[in-house]
>>> print(open('work16.tsv').read())   # TSV, C-alpha atoms and all ligand atoms
chain	number	residue	atom	x	y	z
A	28	MET	CA	37.26	28.82	55.79
A	29	ASN	CA	33.84	27.85	54.35
A	30	ARG	CA	33.08	24.17	54.11
A	31	VAL	CA	33.09	23.23	50.42
A	32	GLU	CA	30.46	20.68	49.48
A	33	ASP	CA	32.49	19.17	46.71
A	34	GLU	CA	30.83	15.84	45.95
A	35	GLY	CA	28.99	17.12	42.88
A	36	ILE	CA	31.71	19.38	41.55
A	37	ILE	CA	32.88	18.34	38.11
A	38	GLU	CA	36.57	17.60	37.70
A	39	ASP	CA	36.61	16.70	33.99
A	40	ALA	CA	34.74	14.97	31.17
A	41	ASP	CA	35.63	11.55	32.52
A	42	THR	CA	33.79	12.07	35.80
A	43	MET	CA	30.68	13.62	34.21
A	44	THR	CA	28.74	10.46	33.46
A	45	GLY	CA	29.01	9.12	36.99
A	46	LEU	CA	27.69	12.41	38.39
A	47	VAL	CA	24.73	12.51	36.03
A	48	GLU	CA	23.92	8.86	36.74
A	49	ALA	CA	23.98	9.62	40.47
A	50	ALA	CA	21.37	12.36	39.89
A	51	MET	CA	19.17	9.90	37.97
A	52	ARG	CA	19.36	7.31	40.76
A	53	ASN	CA	17.02	9.38	42.95
A	54	THR	CA	14.12	8.96	40.53
A	55	PRO	CA	11.44	7.19	42.61
A	56	ASP	CA	9.67	5.34	39.77
A	57	PRO	CA	11.88	2.28	39.12
A	58	ARG	CA	11.04	1.97	35.43
A	59	LEU	CA	11.66	5.67	34.76
A	60	ARG	CA	14.92	5.36	36.72
A	61	GLN	CA	16.03	2.41	34.60
A	62	ILE	CA	15.21	4.23	31.36
A	63	LEU	CA	16.98	7.45	32.41
A	64	LEU	CA	20.10	5.64	33.61
A	65	ALA	CA	20.39	3.77	30.33
A	66	LEU	CA	19.67	6.94	28.34
A	67	VAL	CA	22.49	8.78	30.12
A	68	ARG	CA	24.91	5.86	29.79
A	69	HIS	CA	24.30	5.34	26.07
A	70	SER	CA	24.01	9.00	25.05
A	71	HIS	CA	27.23	9.89	26.88
A	72	ALA	CA	28.99	6.96	25.19
A	73	PHE	CA	27.66	8.26	21.85
A	74	LEU	CA	29.08	11.73	22.57
A	75	ARG	CA	32.45	10.27	23.52
A	76	GLU	CA	32.48	8.33	20.26
A	77	VAL	CA	31.44	11.08	17.81
A	78	ARG	CA	32.86	14.15	19.64
A	79	LEU	CA	30.24	16.66	18.42
A	80	THR	CA	31.62	20.14	17.73
A	81	ASP	CA	29.72	23.05	19.31
A	82	GLN	CA	28.34	23.93	15.86
A	83	GLU	CA	27.13	20.38	15.29
A	84	PHE	CA	25.46	20.44	18.70
A	85	GLU	CA	23.62	23.62	17.68
A	86	GLN	CA	22.60	22.00	14.40
A	87	GLY	CA	21.16	19.09	16.38
A	88	HIS	CA	19.08	21.48	18.51
A	89	ALA	CA	17.81	23.26	15.39
A	90	PHE	CA	16.95	19.94	13.75
A	91	LEU	CA	14.92	18.69	16.72
A	92	ARG	CA	13.21	22.05	17.03
A	93	ALA	CA	12.24	21.89	13.34
A	94	VAL	CA	10.93	18.33	13.80
A	95	GLY	CA	8.63	19.54	16.58
A	96	GLU	CA	7.56	22.66	14.71
A	97	SER	CA	6.58	20.76	11.58
A	98	CYS	CA	4.03	18.64	13.47
A	99	THR	CA	0.35	19.45	12.99
A	100	ASP	CA	-2.91	17.60	13.71
A	101	LEU	CA	-2.49	16.03	10.26
A	102	HIS	CA	1.24	15.38	10.19
A	103	ASN	CA	3.56	13.78	12.75
A	104	GLU	CA	7.24	14.42	11.99
A	105	VAL	CA	8.33	12.94	15.35
A	106	VAL	CA	6.93	9.54	14.40
A	107	LEU	CA	8.49	9.89	10.95
A	108	LEU	CA	11.91	10.55	12.46
A	109	ALA	CA	11.66	7.44	14.66
A	110	ASP	CA	10.57	5.50	11.57
A	111	VAL	CA	13.46	6.45	9.25
A	112	LEU	CA	16.00	5.75	12.01
A	113	GLY	CA	14.67	2.19	12.38
A	114	ILE	CA	13.60	2.92	15.96
A	115	SER	CA	9.89	2.24	15.43
A	116	THR	CA	10.51	-1.12	13.79
A	117	LEU	CA	13.02	-2.19	16.44
A	118	VAL	CA	10.57	-1.33	19.25
A	119	THR	CA	7.83	-3.27	17.44
A	120	LEU	CA	10.02	-6.32	16.85
A	121	LEU	CA	11.41	-6.36	20.39
A	122	ASN	CA	7.87	-6.18	21.80
A	123	GLY	CA	6.33	-9.00	19.87
A	124	CYS	CA	7.97	-11.06	17.24
A	125	GLY	CA	9.14	-14.58	16.80
A	126	GLY	CA	7.61	-17.85	17.79
A	127	GLU	CA	4.45	-18.59	15.90
A	128	ARG	CA	2.85	-15.18	16.06
A	129	THR	CA	2.70	-12.88	13.06
A	130	SER	CA	5.41	-10.24	13.10
A	131	GLY	CA	4.45	-6.72	13.99
A	132	ALA	CA	5.29	-3.73	11.80
A	133	LEU	CA	5.42	-0.06	12.64
A	134	LEU	CA	2.13	1.81	13.07
A	135	GLY	CA	3.36	4.71	10.93
A	136	PRO	CA	2.13	8.30	11.02
A	137	PHE	CA	-1.14	7.77	9.11
A	138	PHE	CA	-3.25	5.67	11.49
A	139	ARG	CA	-6.50	7.47	12.34
A	140	ASP	CA	-9.24	6.63	14.79
A	141	GLY	CA	-12.84	6.61	13.67
A	142	ALA	CA	-12.61	4.62	10.44
A	143	PRO	CA	-16.07	3.54	9.24
A	144	ARG	CA	-17.30	0.19	10.60
A	145	PHE	CA	-18.03	-2.16	7.74
A	146	GLU	CA	-19.88	-5.46	7.36
A	147	ASN	CA	-18.07	-8.50	6.07
A	148	GLY	CA	-17.51	-8.16	2.30
A	149	ALA	CA	-17.72	-4.36	2.12
A	150	ASN	CA	-15.67	-2.20	-0.21
A	151	ILE	CA	-13.38	0.27	1.58
A	152	ALA	CA	-12.74	2.14	-1.69
A	153	ALA	CA	-15.33	4.82	-2.47
A	154	SER	CA	-17.12	4.17	-5.73
A	155	GLY	CA	-15.14	5.58	-8.62
A	156	SER	CA	-11.79	5.08	-6.87
A	157	PRO	CA	-9.27	4.35	-9.62
A	158	GLY	CA	-7.11	1.23	-9.51
A	159	LEU	CA	-7.13	-2.53	-9.94
A	160	PRO	CA	-9.77	-4.27	-7.81
A	161	LEU	CA	-8.40	-6.20	-4.84
A	162	VAL	CA	-10.17	-8.75	-2.65
A	163	VAL	CA	-8.59	-9.38	0.75
A	164	ARG	CA	-9.50	-12.45	2.82
A	165	VAL	CA	-8.30	-12.42	6.39
A	166	LYS	CA	-8.30	-15.06	9.10
A	167	VAL	CA	-7.32	-14.35	12.70
A	168	VAL	CA	-6.17	-17.33	14.81
A	169	ASN	CA	-4.30	-18.00	18.02
A	170	THR	CA	-1.02	-19.91	18.27
A	171	ARG	CA	-2.97	-23.20	18.49
A	172	ARG	CA	-4.51	-22.20	15.13
A	173	GLU	CA	-7.96	-21.81	16.72
A	174	PRO	CA	-10.09	-19.04	15.18
A	175	ILE	CA	-10.48	-15.82	17.17
A	176	ALA	CA	-14.05	-14.59	16.78
A	177	GLY	CA	-15.03	-10.98	17.49
A	178	ALA	CA	-11.58	-9.48	16.89
A	179	THR	CA	-11.71	-5.84	15.78
A	180	VAL	CA	-9.52	-5.23	12.75
A	181	ASP	CA	-8.70	-1.73	11.49
A	182	VAL	CA	-7.46	-1.59	7.91
A	183	TRP	CA	-5.87	1.40	6.17
A	184	GLN	CA	-3.94	1.79	2.96
A	185	ALA	CA	-2.66	4.26	0.38
A	186	SER	CA	-4.44	4.69	-2.94
A	187	PRO	CA	-3.10	3.39	-6.26
A	188	VAL	CA	-1.31	6.72	-6.65
A	189	GLY	CA	0.39	6.24	-3.28
A	190	LEU	CA	-1.49	8.75	-1.13
A	191	TYR	CA	-3.51	8.27	2.06
A	192	GLU	CA	-6.87	10.05	2.01
A	193	ASN	CA	-5.71	12.62	4.56
A	194	GLN	CA	-2.92	13.63	2.16
A	195	ASP	CA	-5.10	13.75	-0.94
A	196	PRO	CA	-7.88	16.27	-1.66
A	197	GLU	CA	-9.10	13.98	-4.47
A	198	GLN	CA	-10.19	11.26	-2.01
A	199	PRO	CA	-13.26	11.39	0.25
A	200	GLU	CA	-12.76	11.53	4.01
A	201	MET	CA	-11.74	8.10	5.42
A	202	ASN	CA	-11.43	6.52	1.96
A	203	LEU	CA	-9.48	3.25	2.01
A	204	ARG	CA	-9.93	2.92	5.76
A	205	GLY	CA	-12.30	0.63	7.57
A	206	GLN	CA	-12.97	-1.41	10.68
A	207	PHE	CA	-14.18	-5.02	10.53
A	208	ARG	CA	-15.03	-7.76	13.04
A	209	THR	CA	-14.06	-11.37	12.60
A	210	ASN	CA	-16.91	-13.90	12.40
A	211	ASP	CA	-17.16	-17.22	14.30
A	212	ASN	CA	-14.49	-18.69	12.00
A	213	GLY	CA	-12.16	-15.80	12.80
A	214	GLU	CA	-12.61	-14.51	9.26
A	215	PHE	CA	-13.71	-11.49	7.26
A	216	TYR	CA	-13.11	-10.24	3.75
A	217	PHE	CA	-13.24	-6.90	2.01
A	218	HIS	CA	-12.97	-5.29	-1.38
A	219	SER	CA	-10.54	-2.52	-2.17
A	220	VAL	CA	-8.11	-1.39	-4.84
A	221	CYS	CA	-4.44	-2.35	-5.03
A	222	PRO	CA	-2.28	-0.04	-2.94
A	223	ALA	CA	0.81	1.55	-4.49
A	224	GLY	CA	4.18	2.13	-2.89
A	225	TYR	CA	4.84	5.74	-1.98
A	226	PRO	CA	7.43	8.17	-0.69
A	227	VAL	CA	7.16	9.13	2.98
A	228	PRO	CA	6.57	12.89	3.44
A	229	THR	CA	9.79	14.73	2.61
A	230	HIS	CA	8.74	18.38	3.02
A	231	GLY	CA	10.19	18.64	6.54
A	232	PRO	CA	13.51	18.14	8.32
A	233	VAL	CA	13.28	14.34	8.03
A	234	GLY	CA	13.15	14.73	4.23
A	235	ALA	CA	16.26	16.92	4.42
A	236	LEU	CA	17.97	14.24	6.52
A	237	LEU	CA	17.14	11.53	3.95
A	238	ALA	CA	18.47	13.77	1.15
A	239	ALA	CA	21.68	14.41	3.11
A	240	GLN	CA	22.11	10.64	3.39
A	241	LYS	CA	21.29	10.06	-0.30
A	242	ARG	CA	18.52	7.68	0.77
A	243	HIS	CA	15.40	7.21	-1.32
A	244	PRO	CA	12.13	7.96	0.52
A	245	TYR	CA	10.04	5.02	-0.75
A	246	ARG	CA	7.99	2.35	0.95
A	247	PRO	CA	6.84	-0.80	-0.86
A	248	ALA	CA	3.07	-1.20	-1.44
A	249	HIS	CA	1.29	-2.49	1.66
A	250	ILE	CA	-1.91	-2.58	3.67
A	251	HIS	CA	-1.93	-1.79	7.39
A	252	PHE	CA	-3.80	-3.95	9.89
A	253	LEU	CA	-4.47	-3.35	13.58
A	254	VAL	CA	-5.91	-6.48	15.20
A	255	VAL	CA	-7.38	-6.10	18.70
A	256	ALA	CA	-8.92	-9.03	20.57
A	257	PRO	CA	-9.44	-9.34	24.34
A	258	GLY	CA	-6.91	-11.73	25.91
A	259	TYR	CA	-4.46	-11.38	23.01
A	260	ALA	CA	-1.49	-9.08	22.47
A	261	THR	CA	-2.57	-6.41	19.99
A	262	LEU	CA	-1.07	-6.92	16.55
A	263	VAL	CA	-0.06	-3.80	14.63
A	264	THR	CA	1.25	-4.89	11.26
A	265	GLN	CA	1.38	-4.47	7.49
A	266	VAL	CA	1.11	-6.95	4.61
A	267	PHE	CA	3.36	-6.09	1.66
A	268	ALA	CA	2.74	-6.77	-2.04
A	269	ASP	CA	5.17	-9.41	-3.25
A	270	ASP	CA	5.58	-7.70	-6.65
A	271	SER	CA	6.36	-4.30	-5.17
A	272	ASP	CA	9.53	-2.26	-5.65
A	273	HIS	CA	11.63	-1.41	-2.59
A	274	LEU	CA	10.76	-4.57	-0.60
A	275	GLY	CA	14.44	-4.86	0.28
A	276	SER	CA	15.04	-1.16	0.89
A	277	ASP	CA	11.95	0.15	2.70
A	278	VAL	CA	12.93	3.60	3.97
A	279	VAL	CA	11.38	2.77	7.36
A	280	PHE	CA	12.66	-0.83	7.58
A	281	GLY	CA	9.17	-2.32	7.90
A	282	VAL	CA	9.44	-5.49	5.81
A	283	THR	CA	9.76	-8.71	7.78
A	284	ARG	CA	9.80	-11.89	5.67
A	285	ASP	CA	6.49	-13.31	6.94
A	286	LEU	CA	4.75	-10.03	6.09
A	287	VAL	CA	5.27	-10.35	2.33
A	288	GLY	CA	1.82	-11.40	1.09
A	289	ARG	CA	0.92	-13.04	-2.22
A	290	TYR	CA	-1.13	-10.61	-4.25
A	291	GLU	CA	-2.41	-12.94	-7.00
A	292	LEU	CA	-4.01	-11.88	-10.26
A	293	ARG	CA	-7.29	-13.77	-10.81
A	294	GLU	CA	-9.49	-13.74	-13.89
A	295	GLY	CA	-12.82	-15.05	-12.52
A	296	THR	CA	-15.60	-13.68	-10.37
A	297	ALA	CA	-14.63	-12.84	-6.78
A	298	SER	CA	-18.12	-11.91	-5.59
A	299	SER	CA	-21.21	-10.15	-6.87
A	300	ALA	CA	-19.30	-6.89	-6.33
A	301	CYS	CA	-16.31	-7.96	-8.41
A	302	ASP	CA	-16.72	-10.06	-11.52
A	303	GLY	CA	-13.67	-9.21	-13.65
A	304	PRO	CA	-9.93	-9.56	-13.34
A	305	HIS	CA	-8.82	-8.67	-9.85
A	306	TYR	CA	-6.03	-9.21	-7.37
A	307	SER	CA	-6.58	-11.49	-4.43
A	308	LEU	CA	-4.75	-11.51	-1.11
A	309	GLU	CA	-5.30	-14.15	1.58
A	310	TYR	CA	-3.56	-13.73	4.89
A	311	GLU	CA	-3.73	-15.42	8.29
A	312	PHE	CA	-2.80	-13.39	11.37
A	313	VAL	CA	-1.55	-15.41	14.34
A	314	LEU	CA	-2.01	-13.67	17.69
A	315	ALA	CA	-0.17	-14.51	20.90
A	316	GLU	CA	-1.95	-14.46	24.22
A	317	GLY	CA	-1.36	-11.23	26.12
A	318	GLU	CA	-2.75	-7.83	26.90
A	319	SER	CA	-4.69	-5.97	24.24
A	320	PHE	CA	-4.43	-2.23	23.77
A	321	ARG	CA	-5.42	0.32	21.17
A	322	PRO	CA	-2.57	2.55	19.99
A	323	VAL	CA	-2.95	6.32	20.24
A	324	PRO	CA	-3.34	7.70	16.70
A	325	PRO	CA	-0.42	9.94	15.68
A	326	ILE	CA	-2.82	12.23	13.76
A	327	LYS	CA	-6.48	13.24	14.08
B	401	LIG	C1	3.08	4.20	6.59
B	401	LIG	O1	3.24	3.05	6.29
B	401	LIG	O2	1.94	4.64	6.56
B	401	LIG	C2	4.26	5.05	6.91
B	401	LIG	C3	5.20	4.56	7.78
B	401	LIG	C4	6.29	5.34	8.08
B	401	LIG	C5	6.45	6.60	7.51
B	401	LIG	C6	5.48	7.06	6.62
B	401	LIG	C7	4.38	6.28	6.32
B	402	FE	FE	1.55	2.94	5.00
>>> encode(input="work16.tsv", output="structure tokens")
Amino acid sequence: MNRVEDEGIIEDADTMTGLVEAAMRNTPDPRLRQILLALVRHSHAFLREVRLTDQEFEQGHAFLRAVGESCTDLHNEVVLLADVLGISTLVTLLNGCGGERTSGALLGPFFRDGAPRFENGANIAASGSPGLPLVVRVKVVNTRREPIAGATVDVWQASPVGLYENQDPEQPEMNLRGQFRTNDNGEFYFHSVCPAGYPVPTHGPVGALLAAQKRHPYRPAHIHFLVVAPGYATLVTQVFADDSDHLGSDVVFGVTRDLVGRYELREGTASSACDGPHYSLEYEFVLAEGESFRPVPPIK
């Protein structure tokens, strides 16, 4: 009789998870091993709970395939899926929130590298951009409230009709995007136009998922900030307009209480570049000490 090597032979569904976990345990990299073991444990528990039919399992494959296939250099459906499931925000909050630092918020699928570098006080809206003028004054400090000079701050926002420049043939390349450096007081300011809330892209499978859930696709109006300073944990965040719709129902769960900014209507002169009624936003970013990094842009 042949010797049967029966250690890995599956008896039934109950013994499956242990066998798969045993296979994961040989992974040499300890962090990858930890992640794979937890992935197997939780995904198998999920399957035991929901009991997918074979047809539903096929639908899941087709959905993930469609998510991948709808990605281009200008559109990232994978990031969008993580966003509408609350995964992006949870990762962000688990990695750096609480204490005195400013809360992080998801990077989103529209961050691009190569935004124009601007001097303090510049206007990131191309001349002729429609919309109410907005002046944004930013201060970057550490948790002892000392100014952080020389921080690099990327700013990007949607237009007053709710489109990023890469989505909108009416806007010039890199409109409403810019990179600034904080001065010795940790400060800089810029001119822009008020952002509008907008629907996330719904042309792909993630849009179909939202429709199947009867969820609206809207985000409240906001401006994105990426603050990078050596010796400090990078802050990826957004500041929301306090008068915006959908603050309490952001489709990607991005609104943390400290990120609701006061967009105030002012009548007087803001600067030589803005002498009529305008909105004003002042915001202080508090960075925790840590390692800085620059996120990989989801699109080109
Ligand atoms: C954004 O804020 O740019 C964004 C975030 C998630 C999905 C779509 C857009
Ligand atoms: Fe956005």
>>> residues_around(input="work16.tsv", residues="region 48-57 of chain A", least_positions_apart="3", cutoff="12 Å", atoms="only C-alpha atoms", output="VMD selection string")
chain A and resid 34 to 35 42 to 45 60 to 71
>>> axis_aligned_box(input="work16.tsv", around="region 165-180 of chain A", padding_each_side="8 Å", output="AutoDock Vina command-line options")
--center_x -8.0 --center_y -14.2 --center_z 12.4 --size_x 30.0 --size_y 34.0 --size_z 28.1
>>> atom_distance(input="work16.tsv", atom1="CA of Glu291 (chain A)", atom2="CA of Leu274 (chain A)")
16.9 Å
>>> closest_residue(input="work16.tsv", among="A:Ala149, A:Ala176, A:Ala235, A:Val323", to="Gly205 (chain A)", atoms="all atoms listed in the file")
A:Ala149
>>> atom_distance(input="work16.tsv", atom1="CA of Ser115 (chain A)", atom2="atom C2 of ligand LIG 401 (chain B)")
10.6 Å
>>> residues_near_ligand(input="work16.tsv", ligand="ligand LIG 401 (chain B)", cutoff="6 Å", atoms="only C-alpha atoms and all ligand atoms", output="list in words")
Leu107, Asp110, Gly135, Pro136, Phe137, Val227 and Val279 of chain A
>>> closest_atom_pairs(input="work16.tsv", of="chain A", to="ligand FE 402 (chain B)", cutoff="8 Å", atoms="all atoms listed in the file", output="Markdown table")
| residue | atom | partner | partner_atom | distance |
| --- | --- | --- | --- | --- |
| A:Gly135 | CA | B:FE402 | FE | 6.4 |
| A:Phe137 | CA | B:FE402 | FE | 6.9 |
| A:Trp183 | CA | B:FE402 | FE | 7.7 |
| A:Gln184 | CA | B:FE402 | FE | 6.0 |
| A:Ala185 | CA | B:FE402 | FE | 6.4 |
| A:Tyr191 | CA | B:FE402 | FE | 7.9 |
| A:Arg246 | CA | B:FE402 | FE | 7.6 |
| A:Ala248 | CA | B:FE402 | FE | 7.8 |
| A:His249 | CA | B:FE402 | FE | 6.4 |
| A:Ile250 | CA | B:FE402 | FE | 6.6 |
| A:His251 | CA | B:FE402 | FE | 6.3 |
| A:Gln265 | CA | B:FE402 | FE | 7.8 |
>>> closest_residue(input="work16.tsv", among="A:Phe217, A:Phe73, A:Leu237, A:Gly126", to="Asn150 (chain A)", atoms="all atoms listed in the file")
A:Phe217
>>> residues_around(input="work16.tsv", residues="His102 (chain A)", least_positions_apart="4", cutoff="12 Å", atoms="all atoms listed in the file", output="list of chain:residue names")
A:Val94, A:Gly95, A:Glu96, A:Ser97, A:Cys98, A:Val106, A:Leu107, A:Leu108, A:Gly135, A:Pro136, A:Phe137, A:Phe138, A:Arg139, A:Tyr191, A:Asn193, A:Gln194, A:Val227, A:Pro228, A:Thr229, A:His230, A:Gly231, A:Pro324, A:Pro325, A:Ile326, A:Lys327
>>> residues_around(input="work16.tsv", residues="Leu203 (chain A)", least_positions_apart="3", cutoff="10 Å", atoms="all atoms listed in the file", output="MDAnalysis selection string")
chainID A and resid 142:143 150:153 156 182:186 191:192 198:200 218:220 222 250
>>> atom_distance(input="work16.tsv", atom1="CA of Ser276 (chain A)", atom2="CA of Tyr245 (chain A)")
8.1 Å
>>> closest_residue(input="work16.tsv", among="A:Gly281, A:Phe215, A:Gly295, A:Arg128", to="Arg171 (chain A)", atoms="all atoms listed in the file")
A:Arg128
>>> residues_around(input="work16.tsv", residues="region 284-289 of chain A", least_positions_apart="3", cutoff="6 Å", atoms="all atoms listed in the file", output="count of residues only")
5
>>> closest_residue(input="work16.tsv", among="A:Thr209, A:Thr129, A:Thr283, A:Gln86", to="Pro174 (chain A)", atoms="only C-alpha atoms")
A:Thr209
